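Source file: structure_21.txt; contents: compact mmCIF, C-alpha atoms.
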```
# COMPACT_ATOMS: atom_id res chain seq x y z
CA LYS A 24 -6.83 -8.99 14.59
CA GLN A 25 -5.30 -6.91 17.38
CA GLU A 26 -5.78 -8.23 20.89
CA VAL A 27 -4.87 -6.30 24.03
CA THR A 28 -4.32 -8.00 27.38
CA GLN A 29 -3.82 -6.35 30.74
CA ILE A 30 -2.25 -7.95 33.78
CA PRO A 31 -3.12 -8.05 36.61
CA ALA A 32 -6.91 -7.84 36.35
CA ALA A 33 -7.04 -6.42 39.87
CA LEU A 34 -4.51 -5.03 42.32
CA SER A 35 -4.81 -3.81 45.88
CA VAL A 36 -1.83 -2.12 47.55
CA PRO A 37 -1.20 0.11 50.56
CA GLU A 38 -0.90 3.82 50.03
CA GLY A 39 2.59 5.06 49.16
CA GLU A 40 3.72 2.05 47.18
CA ASN A 41 5.08 2.27 43.67
CA LEU A 42 3.33 -0.05 41.27
CA VAL A 43 3.41 -1.27 37.69
CA LEU A 44 0.50 -2.13 35.44
CA ASN A 45 1.14 -4.23 32.36
CA CYS A 46 -0.33 -4.19 28.90
CA SER A 47 0.49 -6.46 25.97
CA PHE A 48 -0.70 -6.42 22.39
CA THR A 49 -0.46 -9.04 19.67
CA ASP A 50 0.25 -6.92 16.59
CA SER A 51 3.26 -4.66 16.95
CA ALA A 52 2.28 -2.51 13.95
CA ILE A 53 0.67 0.23 15.99
CA TYR A 54 0.51 3.99 15.59
CA ASN A 55 0.19 4.81 19.24
CA LEU A 56 -0.84 3.49 22.62
CA GLN A 57 -2.94 5.28 25.23
CA TRP A 58 -3.53 4.72 28.91
CA PHE A 59 -6.92 5.74 30.27
CA ARG A 60 -8.43 5.94 33.70
CA GLN A 61 -12.05 4.94 34.30
CA ASP A 62 -13.84 5.78 37.53
CA PRO A 63 -17.03 3.85 38.42
CA GLY A 64 -19.96 5.04 36.35
CA LYS A 65 -17.83 7.62 34.62
CA GLY A 66 -16.21 8.13 31.27
CA LEU A 67 -12.63 7.51 30.26
CA THR A 68 -9.91 10.02 31.02
CA SER A 69 -6.81 9.94 28.85
CA LEU A 70 -3.70 9.81 31.01
CA LEU A 71 -0.83 9.35 28.60
CA LEU A 72 -0.37 8.77 24.89
CA ILE A 73 2.81 7.25 23.48
CA GLN A 74 3.39 7.46 19.77
CA SER A 75 4.98 4.49 18.03
CA SER A 76 8.29 6.33 17.68
CA GLN A 77 8.51 7.06 21.41
CA ARG A 78 9.66 4.85 24.24
CA GLU A 79 8.07 6.59 27.20
CA GLN A 80 5.91 9.45 28.37
CA THR A 81 5.66 11.02 31.80
CA SER A 82 2.97 13.02 33.51
CA GLY A 83 3.41 13.81 37.18
CA ARG A 84 3.62 10.54 39.11
CA LEU A 85 2.77 8.51 36.02
CA ASN A 86 5.26 7.06 33.58
CA ALA A 87 4.31 4.91 30.62
CA SER A 88 6.79 2.95 28.55
CA LEU A 89 6.39 1.29 25.19
CA ASP A 90 8.35 -1.59 23.68
CA LYS A 91 6.68 -1.94 20.33
CA SER A 92 8.80 -4.82 19.09
CA SER A 93 7.84 -7.01 22.03
CA GLY A 94 4.26 -5.77 22.11
CA ARG A 95 4.38 -4.43 25.65
CA SER A 96 3.65 -1.29 27.61
CA THR A 97 3.84 -0.57 31.30
CA LEU A 98 2.24 2.14 33.39
CA TYR A 99 4.28 3.03 36.44
CA ILE A 100 2.55 4.87 39.28
CA ALA A 101 4.85 6.36 41.89
CA ALA A 102 3.88 7.00 45.50
CA SER A 103 0.33 5.74 45.07
CA GLN A 104 -2.55 7.59 46.74
CA PRO A 105 -6.13 6.54 47.55
CA GLY A 106 -7.31 8.92 44.83
CA ASP A 107 -5.51 6.73 42.29
CA SER A 108 -8.10 4.01 42.87
CA ALA A 109 -9.79 3.36 39.53
CA THR A 110 -9.71 1.04 36.55
CA TYR A 111 -6.79 1.65 34.21
CA LEU A 112 -7.29 0.82 30.56
CA CYS A 113 -4.70 0.37 27.85
CA ALA A 114 -5.73 1.00 24.24
CA VAL A 115 -3.83 0.73 20.97
CA ASP A 116 -4.37 2.46 17.66
CA SER A 117 -3.56 -0.02 14.92
CA GLY A 118 -5.27 1.65 12.01
CA GLY A 119 -4.46 5.34 12.09
CA GLY A 120 -7.39 6.40 14.22
CA ALA A 121 -10.49 6.18 12.05
CA ASP A 122 -11.10 2.51 12.77
CA GLY A 123 -10.98 2.95 16.47
CA LEU A 124 -8.89 1.95 19.42
CA THR A 125 -8.57 -1.61 20.68
CA PHE A 126 -8.91 -1.74 24.44
CA GLY A 127 -7.75 -4.13 27.08
CA LYS A 128 -10.11 -5.21 29.81
CA GLY A 129 -8.34 -3.06 32.37
CA THR A 130 -6.67 -3.33 35.74
CA HIS A 131 -8.90 -2.53 38.70
CA LEU A 132 -6.66 -0.74 41.18
CA ILE A 133 -7.43 -0.16 44.85
CA ILE A 134 -5.09 1.92 46.98
CA GLN A 135 -5.67 1.24 50.66
CA PRO A 136 -5.38 4.31 52.95
CA GLU B 7 -11.65 22.33 30.34
CA PRO B 8 -13.67 21.35 27.24
CA GLU B 9 -15.95 18.36 27.71
CA VAL B 10 -17.87 15.87 25.65
CA THR B 11 -21.45 15.90 26.92
CA GLN B 12 -23.78 12.92 26.64
CA THR B 13 -27.50 12.62 27.26
CA PRO B 14 -29.30 10.84 28.75
CA SER B 15 -27.07 9.49 31.47
CA HIS B 16 -29.34 6.47 31.86
CA GLN B 17 -32.18 5.21 29.70
CA VAL B 18 -34.41 2.23 30.31
CA THR B 19 -36.36 0.91 27.35
CA GLN B 20 -38.44 -2.05 26.37
CA MET B 21 -37.10 -4.59 23.92
CA GLY B 22 -38.04 -3.64 20.37
CA GLN B 23 -38.14 0.09 21.01
CA GLU B 24 -35.92 2.64 19.30
CA VAL B 25 -33.51 4.77 21.33
CA ILE B 26 -31.46 7.82 20.44
CA LEU B 27 -28.36 8.66 22.41
CA ARG B 28 -27.07 12.19 22.09
CA CYS B 29 -23.60 13.68 22.29
CA VAL B 30 -22.18 17.17 22.06
CA PRO B 31 -18.51 16.84 21.05
CA ILE B 32 -15.86 19.43 21.77
CA SER B 33 -16.47 22.37 19.48
CA ASN B 34 -13.23 22.40 17.48
CA HIS B 35 -13.01 18.64 17.13
CA LEU B 36 -13.57 17.11 13.72
CA TYR B 37 -13.71 13.37 14.39
CA PHE B 38 -16.45 11.71 16.35
CA TYR B 39 -16.78 8.19 17.68
CA TRP B 40 -19.13 5.85 19.47
CA TYR B 41 -17.89 3.05 21.69
CA ARG B 42 -19.78 0.70 23.93
CA GLN B 43 -18.93 -1.27 27.06
CA ILE B 44 -21.07 -4.20 28.11
CA LEU B 45 -20.92 -4.67 31.86
CA GLY B 46 -17.70 -6.42 32.81
CA GLN B 47 -16.40 -6.44 29.25
CA LYS B 48 -13.94 -4.44 27.20
CA VAL B 49 -14.67 -1.07 25.65
CA GLU B 50 -15.48 -1.79 21.99
CA PHE B 51 -15.32 0.51 18.97
CA LEU B 52 -18.58 0.99 17.09
CA VAL B 53 -18.13 3.76 14.54
CA SER B 54 -16.15 6.82 13.56
CA PHE B 55 -17.56 9.85 11.76
CA TYR B 56 -15.92 12.66 9.85
CA ASN B 57 -17.12 15.29 7.43
CA ASN B 58 -20.73 14.19 7.82
CA GLU B 59 -20.15 10.60 6.93
CA ILE B 60 -19.07 7.35 8.50
CA SER B 61 -15.32 6.79 8.26
CA GLU B 62 -15.13 3.31 9.69
CA LYS B 63 -17.42 0.93 11.49
CA SER B 64 -16.92 -2.30 13.35
CA GLU B 65 -18.76 -5.55 12.78
CA ILE B 66 -20.92 -4.68 15.76
CA PHE B 67 -22.30 -1.65 13.94
CA ASP B 68 -24.89 -3.40 11.79
CA ASP B 69 -28.10 -2.12 10.19
CA GLN B 70 -29.65 -1.76 13.62
CA PHE B 71 -27.41 1.22 14.29
CA SER B 72 -27.13 4.60 12.65
CA VAL B 73 -25.35 7.86 13.40
CA GLU B 74 -26.14 11.39 12.44
CA ARG B 75 -24.93 14.90 12.96
CA PRO B 76 -28.25 16.71 12.63
CA ASP B 77 -26.84 20.16 13.31
CA GLY B 78 -23.52 21.81 14.02
CA SER B 79 -23.20 20.57 17.55
CA ASN B 80 -25.00 17.28 18.16
CA PHE B 81 -23.88 13.77 17.22
CA THR B 82 -26.41 11.02 17.72
CA LEU B 83 -26.48 7.24 17.85
CA LYS B 84 -29.80 5.61 16.98
CA ILE B 85 -30.49 2.02 17.89
CA ARG B 86 -33.54 0.56 16.19
CA SER B 87 -35.54 -2.33 17.64
CA THR B 88 -33.40 -2.73 20.74
CA LYS B 89 -32.45 -6.17 21.99
CA LEU B 90 -31.54 -7.35 25.47
CA GLU B 91 -27.91 -7.64 24.43
CA ASP B 92 -27.81 -3.95 23.53
CA SER B 93 -27.75 -3.18 27.25
CA ALA B 94 -24.42 -1.45 27.79
CA MET B 95 -22.70 1.84 28.51
CA TYR B 96 -22.34 3.84 25.31
CA PHE B 97 -19.50 6.32 25.12
CA CYS B 98 -19.16 9.17 22.69
CA ALA B 99 -15.70 10.54 21.98
CA SER B 100 -14.20 13.23 19.82
CA SER B 101 -10.73 14.16 18.64
CA GLU B 102 -9.17 17.10 16.91
CA ALA B 103 -7.23 14.96 14.49
CA LEU B 104 -6.57 11.40 13.54
CA GLY B 105 -3.50 9.65 14.82
CA GLY B 106 -1.42 7.70 12.44
CA LEU B 107 2.20 8.53 12.17
CA SER B 108 1.86 12.27 11.87
CA GLY B 109 0.26 13.24 15.11
CA ALA B 110 -1.59 12.35 18.24
CA ASN B 111 -5.11 11.00 18.41
CA VAL B 112 -6.07 12.01 21.91
CA LEU B 113 -9.67 11.08 22.31
CA THR B 114 -11.83 12.91 24.80
CA PHE B 115 -14.62 10.70 26.07
CA GLY B 116 -17.97 11.64 27.49
CA ALA B 117 -19.28 10.23 30.76
CA GLY B 118 -21.42 7.71 28.92
CA SER B 119 -25.08 6.82 28.51
CA ARG B 120 -26.18 3.67 30.26
CA LEU B 121 -28.79 1.81 28.24
CA THR B 122 -30.88 -0.86 29.92
CA VAL B 123 -33.13 -2.95 27.69
CA LEU B 124 -35.86 -4.90 29.48
```
Could you spell out this file's structure in structure tokens?
Amino acid sequence: KQEVTQIPAALSVPEGENLVLNCSFTDSAIYNLQWFRQDPGKGLTSLLLIQSSQREQTSGRLNASLDKSSGRSTLYIAASQPGDSATYLCAVDSGGGADGLTFGKGTHLIIQP
Amino acid sequence: EPEVTQTPSHQVTQMGQEVILRCVPISNHLYFYWYRQILGQKVEFLVSFYNNEISEKSEIFDDQFSVERPDGSNFTLKIRSTKLEDSAMYFCASSEALGGLSGANVLTFGAGSRLTVL
């Protein structure tokens, strides 16, 4: 059974810092991995999706990498801003989509102004 | 930008009552999902739905739960005889395609319906 772990559980950094969020998964046979952002009381916003054949994806100040063989992904946020404060969730697709994504518990990020 | 719309945003119900949570997926999406998140816990998959039938369901999705697409736009989750432990945020999501090796499964999530069972 796929398990997804995210470290750290919480992170508080001053504005402007670059930071890395970590995600690990137990079964490397995945189809893709997604990073989501969750704001308090809100839904989930997809940030980046990396297919199993890819090693990284970039969107603006965000860069996500995937090392499928070691079961790891990182989300790199450059030049952090207070608006980046949210919970970041990692989710893997192990079954082709129909049987759902397996989520980590998330990293709660606070960017101090 | 297209959105997944969920109603109600918050529902309070008494234990043993039936609740129906409603979702309007993105119009050209073909795959629909329900997930739930108990406070402080992980987001968990409940069920996926395609072509008017359930594709997959998790062990959480027992006989207490049912889904339906009653018309061309709505997708509903019915919870019969609610229990205290059903209190959670329920998220609806939709996607244009499935993932797998041939393409991307970018799910668009709704804002969620918070269910409180007293």
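Taking only C-alpha atoms into account, A:Gly39 lies nearest to A:Ile134 out of the set A:Leu124, A:Leu112, A:Val27, A:Ile134.
Closest approach to A:Thr110 among A:Leu42, A:Ala52, A:Leu72, A:Leu34 is made by A:Leu34 (distances from all atoms listed in the file).
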Note to self: Need to verify the contact set: A:Arg78, 12 Å, only C-alpha atoms, exclusion of same-chain residues closer than 2 positions in sequence. Can you return it as an NGL selection string?
What the structure shows: :A and (55-56 or 72-76 or 80-81 or 86-92 or 95-97)
I need the chosen residues saved as an mmCIF file, in the frame of the given file, with C-alpha atoms.
```cif
data_model
loop_
_atom_site.group_PDB
_atom_site.id
_atom_site.type_symbol
_atom_site.label_atom_id
_atom_site.label_comp_id
_atom_site.auth_asym_id
_atom_site.auth_seq_id
_atom_site.Cartn_x
_atom_site.Cartn_y
_atom_site.Cartn_z
ATOM 1 C CA ASN A 55 0.190 4.810 19.240
ATOM 2 C CA LEU A 56 -0.840 3.490 22.620
ATOM 3 C CA LEU A 72 -0.370 8.770 24.890
ATOM 4 C CA ILE A 73 2.810 7.250 23.480
ATOM 5 C CA GLN A 74 3.390 7.460 19.770
ATOM 6 C CA SER A 75 4.980 4.490 18.030
ATOM 7 C CA SER A 76 8.290 6.330 17.680
ATOM 8 C CA GLN A 80 5.910 9.450 28.370
ATOM 9 C CA THR A 81 5.660 11.020 31.800
ATOM 10 C CA ASN A 86 5.260 7.060 33.580
ATOM 11 C CA ALA A 87 4.310 4.910 30.620
ATOM 12 C CA SER A 88 6.790 2.950 28.550
ATOM 13 C CA LEU A 89 6.390 1.290 25.190
ATOM 14 C CA ASP A 90 8.350 -1.590 23.680
ATOM 15 C CA LYS A 91 6.680 -1.940 20.330
ATOM 16 C CA SER A 92 8.800 -4.820 19.090
ATOM 17 C CA ARG A 95 4.380 -4.430 25.650
ATOM 18 C CA SER A 96 3.650 -1.290 27.610
ATOM 19 C CA THR A 97 3.840 -0.570 31.300
#
```
Margin query: Give me, as a PyMOL selection string, the residues of chain A touching chain B, with the criterion being at most 10 Å (counting all atoms listed in the file).
Written below: chain A and resi 27+53-57+59+61-62+64-76+112+114+116-129
Note to self: Between A:Ala109, A:Leu98, A:Ala32, A:Leu85, which residue has the minimum interatomic distance to A:Ile133, considering only C-alpha atoms?
What the structure shows: A:Ala109
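Coordinates place atom CA of B:Ser100 at a distance of 25.3 Å from atom CA of B:Val18.
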Item checked: Closest of A:Ser35, A:Gln77, A:Thr130, A:Gln135 to A:Gly106 - atom-to-atom distances counting all atoms listed in the file -> A:Gln135
Next item on the list: Please measure the separation of atom CA of A:Thr49 and atom CA of A:Lys24, giving the value in Å to one decimal.
Entry: 8.1 Å
Item checked: Nearby residues, (-21.6, 18.1, 18.2) file frame, 6 Å, all atoms listed in the file, as a PyMOL selection string -> chain B and resi 30-31+78-81
Margin query: At a cut-off of 9 Å, using only C-alpha atoms, what residues contact A:Ser103? Leave out same-chain residues fewer than 2 positions from it and give the result as number ranges by chain.
Written below: A: 36-42, 84, 100-101, 105-108, 134
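Compared by their closest atoms to B:Val73, and using all atoms listed in the file, the residues B:Leu27, B:Glu102, B:Gln17, B:Thr11 rank with B:Leu27 nearest.
Interatomic distance, atom CA of B:Glu7 to atom CA of B:Leu36: 17.5 Å.
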Note to self: Report as number ranges by chain all protein, DNA and RNA residues lying within 10 Å of B:Glu24, evaluated on all atoms listed in the file, omitting residues in the same chain fewer than 5 positions from it.
What the structure shows: B: 19, 70-71, 84-89
